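The next block holds one structure in the form of structure tokens; read it before the comments.
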Amino acid sequence: MNSVLRIGEEGATAERVRPVVTAMVEELRRRTPRMLGFPANLAWDASYAHSLLSMMINNAGDPSTHDDSGNDAKAFEQAVLSWFTDIAGGGRDTYGYVTASGSEGILFGLFVARHRFPRAPVYLSADAHHSVRKAAAILRMETVTVPCRDDGTMEPAALARLCHEARRTKGGRSADGAVVVATIGTVMRGAVDDLPALRAAGSQAGGVHLHADAALGGLVAAFSRPEPAWNLAHGADSLSVSGHKLLGCPVPCGIVLTPRRFVPPQPTGQYLGADDHTLGCSRSGLAAALLWCRLREMGTRGLRETVARCQQTAQYATEALAAAGARPERFPGSLTVTFDRPDSSTCATWHLATQGDRAHLVAMPHVTPQAVDMLCADLGRGH
Ligand SMILES: *Cc1c(COP(=O)(O)O)cnc(C)c1O
């Protein structure tokens, strides 16, 4: 361990701690222009909101219920949820909260789904995020992997076959139903699953709960023209988004939404003085307030323009990588561009994510055409 980081018996003053933190942030900032491979927007500086760090802010329990502690930012959280509910096609009866991450939103979605269909397996695509399997394991739900089509989307015909089979082998017993996790923007290829087709396929098992894992791709889909089916109005029963990916909230967080009637009843601690249907109970008021700052600053139009600009960068990267002979592929509208995996030093220099013989870049707001050109130059040099 770096000795300046060692925590000892004697405390240090803020004056001695501050330069260590400043140096760490400066080092991260130096790397930013070359961070092309991961879906985090590193272009937003929220340091003007530093007063949020001057006290502990805890949004304990449900966003909509008062709690007795008084040190919450639930008004900000409610404003964020109201905006997201509109964007995600939720009705007036939509329940939601700011989660610790997109993955917590997946766990909550499966928790809701299991309450509706206690014996249903989780159908997920081969390209689903690993957090889906983790959530299923925590909830002790069986998983069934559905193959993908060539473009990286879950194959609806295969899902229909598996669901039909499951129902048939139950020997005429009433169907257990299906919990289907659709991915709106897969991790590696940015593929958007076909929600209406998956809902129809899942109904072969009887009842269906369709969760949309829209961690990165939800906000991209929302502002794409044409807008693909991705949200609660398009057939999802629950939906999760990450708050630190496209939006670049400095604290990892997420949003989960589902109709209130699906939310399982939960024990409530009288001590808290608030209802609590969340998984976390204590939740980051800082994250909620920062998300609000971000959305309030950008407005819906600002976000729409950002998505359009990122899509242009992704298109630019596709053309530049093709010219460099790297055989790029891009799902329509996606910010993710896959290409032939370069050597390991190029992957390290540009912080590229890789899978098998492919790598990808993600055209986040801080990714510039100039950086893409420099990457392509490195590829050309046959590093
Ligand atoms: C990033 C991502 C997740 C996980 O979200 P976190 O906010 O990192 O927990 C889940 N699914 C997909 C498709 C993702 O891209």
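Labeling convention for the structure tokens: chains A, B, ... as they appear, residues from 1 per chain, ligands from 1 in order of appearance.
The set of residues in range 6-143 of chain A assigned to strand (DSSP E) by DSSP, using only backbone atoms of this structure, is Thr94, Tyr95, Gly96, Tyr97, Val98, Thr99, Val122, Tyr123, Leu124, Ser125 and Thr143 of chain A.
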Residue list (helix (DSSP H, G or I), DSSP) for range 344-378 of chain A, as a list in words =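 Answer for range 344-378 of chain A, restricted to helix (DSSP H, G or I): Ser344, Ser345, Thr346, Cys347, Ala348, Thr349, Pro369, Gln370, Ala371, Val372, Asp373, Met374, Leu375, Cys376, Ala377 and Asp378 of chain A.
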So, counting only C-alpha atoms, which residue among A:Val181, A:Ala214, A:Ile87, A:Ala14 is closest to Val122 in chain A?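 Closest residue, counting only C-alpha atoms: A:Val181.
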### Query
Out of A:Trp350, A:Phe111, A:Phe84, A:Tyr316, which residue has the shortest atom-to-atom distance to Leu335 in chain A when counting only C-alpha atoms?
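Result for the nearest residue to Leu335 in chain A: A:Tyr316.
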Which range 177-230 of chain A residues have any atom within 12 Å of an atom of range 235-253 of chain A, and for each, what is the nearest pair of atoms with distance in Å to one decimal, counting only C-alpha atoms, rows sorted by chain and number, as a Markdown table?
```
| residue | atom | partner | partner_atom | distance |
| --- | --- | --- | --- | --- |
| A:Val179 | CA | A:Asp237 | CA | 10.1 |
| A:Val180 | CA | A:Ala236 | CA | 9.7 |
| A:Val181 | CA | A:Ala236 | CA | 9.4 |
| A:Ala182 | CA | A:Ala236 | CA | 8.6 |
| A:Thr183 | CA | A:Leu239 | CA | 10.0 |
| A:Ile184 | CA | A:Val241 | CA | 9.5 |
| A:Gly185 | CA | A:Val241 | CA | 10.8 |
| A:Val187 | CA | A:Lys245 | CA | 11.9 |
| A:Asp193 | CA | A:Ala236 | CA | 11.4 |
| A:Asp194 | CA | A:Gly235 | CA | 10.0 |
| A:Leu195 | CA | A:Gly235 | CA | 6.4 |
| A:Pro196 | CA | A:Gly235 | CA | 6.3 |
| A:Ala197 | CA | A:Gly235 | CA | 9.8 |
| A:Leu198 | CA | A:Gly235 | CA | 9.4 |
| A:Arg199 | CA | A:Gly235 | CA | 7.2 |
| A:Ala200 | CA | A:Gly235 | CA | 10.0 |
| A:Gly202 | CA | A:Gly235 | CA | 12.0 |
| A:Gly207 | CA | A:Asp237 | CA | 11.8 |
| A:Val208 | CA | A:Asp237 | CA | 8.9 |
| A:His209 | CA | A:Asp237 | CA | 6.0 |
| A:Leu210 | CA | A:Ala236 | CA | 5.2 |
| A:His211 | CA | A:Ser238 | CA | 4.8 |
| A:Ala212 | CA | A:Leu239 | CA | 4.7 |
| A:Asp213 | CA | A:Ser240 | CA | 5.3 |
| A:Ala214 | CA | A:Val241 | CA | 5.0 |
| A:Ala215 | CA | A:Val241 | CA | 3.9 |
| A:Leu216 | CA | A:Lys245 | CA | 6.1 |
| A:Gly217 | CA | A:Val241 | CA | 8.2 |
| A:Gly218 | CA | A:Val241 | CA | 6.5 |
| A:Leu219 | CA | A:Leu246 | CA | 7.4 |
| A:Val220 | CA | A:Leu246 | CA | 8.1 |
| A:Ala221 | CA | A:Leu246 | CA | 11.7 |
| A:Ala222 | CA | A:Val241 | CA | 11.7 |
| A:Pro228 | CA | A:Gly235 | CA | 11.8 |
| A:Ala229 | CA | A:Gly235 | CA | 8.0 |
| A:Trp230 | CA | A:Ala236 | CA | 7.3 |
```
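Restricting the calculation to only C-alpha atoms and all ligand atoms, the smallest distance between ligand 1 and any of A:Met35, A:Leu107, A:Ala49, A:Ile57 is found for A:Leu107.
When only C-alpha atoms and all ligand atoms are used to compute distances to ligand 1, the closest of the residues A:Arg114, A:Arg149, A:Arg167, A:His129 turns out to be A:His129.
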Within 12 Å of range 292-306 of chain A, which residues of range 359-380 of chain A show up? Give each one with its shortest atom-to-atom distance in Å (one decimal) and the two atoms involved, counting only C-alpha atoms, rows by chain then rising residue number, as a Markdown table.
```
| residue | atom | partner | partner_atom | distance |
| --- | --- | --- | --- | --- |
| A:Ala363 | CA | A:Thr306 | CA | 10.7 |
| A:Met364 | CA | A:Thr306 | CA | 9.1 |
| A:Pro365 | CA | A:Thr306 | CA | 7.0 |
| A:His366 | CA | A:Thr306 | CA | 10.6 |
| A:Val367 | CA | A:Thr306 | CA | 11.8 |
```
Query raised in the report: Which residue gives the smallest distance to Ala166 in chain A among A:Tyr123, A:Ala136, A:Arg189, A:Met141, with only C-alpha atoms counted?
Result: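 Among the listed residues, the smallest separation from Ala166 in chain A belongs to A:Tyr123.
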| request: List the neighbours of range 263-274 of chain A out to 8 Å using only C-alpha atoms; skip same-chain residues closer than 4 positions along the sequence, and give me the result as a list in words. | output: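 The contact residues come out as Ala60, Gly61, Asp62, Thr65, His66, Asp67, Asp68, Ser69, Tyr95, Val112, His115, Thr258 and Pro259 of chain A.
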Val144 in chain A surroundings by only C-alpha atoms, 9 Å radius, close-in-sequence under 2 positions cut, as a compact mmCIF listing (two decimals) with C-alpha atoms, in the first residue's frame:
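Now in result_20.txt:
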```
# COMPACT_ATOMS: atom_id res chain seq x y z
CA PRO A 121 -37.52 -19.10 -13.80
CA VAL A 122 -35.56 -16.09 -15.03
CA TYR A 123 -35.01 -16.11 -18.79
CA LEU A 124 -32.00 -14.04 -19.74
CA SER A 125 -30.00 -13.74 -22.92
CA GLU A 142 -33.58 -20.63 -11.48
CA VAL A 146 -31.75 -17.86 -24.17
CA LEU A 162 -38.20 -22.68 -23.95
```
Quick one: residues within 12 Å of Met55 in chain A, only C-alpha atoms counted, chain neighbours fewer than 4 positions away excluded, as JSON, numbers by chain? {"A": [50, 51, 71, 72, 73, 284, 285, 286]}
Those selected residues, please, written with C-alpha atoms and delivered as a PDB file, in the first residue's frame.
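Output (selection09.pdb):
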```pdb
ATOM      1  CA  HIS A  50     -19.723  20.785  -3.078  1.00  0.00           C
ATOM      2  CA  SER A  51     -21.871  22.126  -0.241  1.00  0.00           C
ATOM      3  CA  ASN A  71     -31.858  15.223   7.049  1.00  0.00           C
ATOM      4  CA  ASP A  72     -33.115  14.014   3.667  1.00  0.00           C
ATOM      5  CA  ALA A  73     -33.190  15.248   0.073  1.00  0.00           C
ATOM      6  CA  SER A 284     -27.757   8.263  -0.780  1.00  0.00           C
ATOM      7  CA  GLY A 285     -29.329  11.684  -0.563  1.00  0.00           C
ATOM      8  CA  LEU A 286     -26.140  12.949  -2.211  1.00  0.00           C
TER       9      LEU A 286
END
```
Shell of 12 Å around range 318-321 of chain A, only C-alpha atoms, local chain residues under 2 positions omitted, as a VMD selection string:
chain A and resid 311 to 316 323 to 342 359 to 363 369 to 380
Gap from CA of Val17 in chain A to CA of Tyr48 in chain A - Å, one decimal =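 According to the coordinates, CA of Val17 in chain A and CA of Tyr48 in chain A are separated by 20.4 Å.
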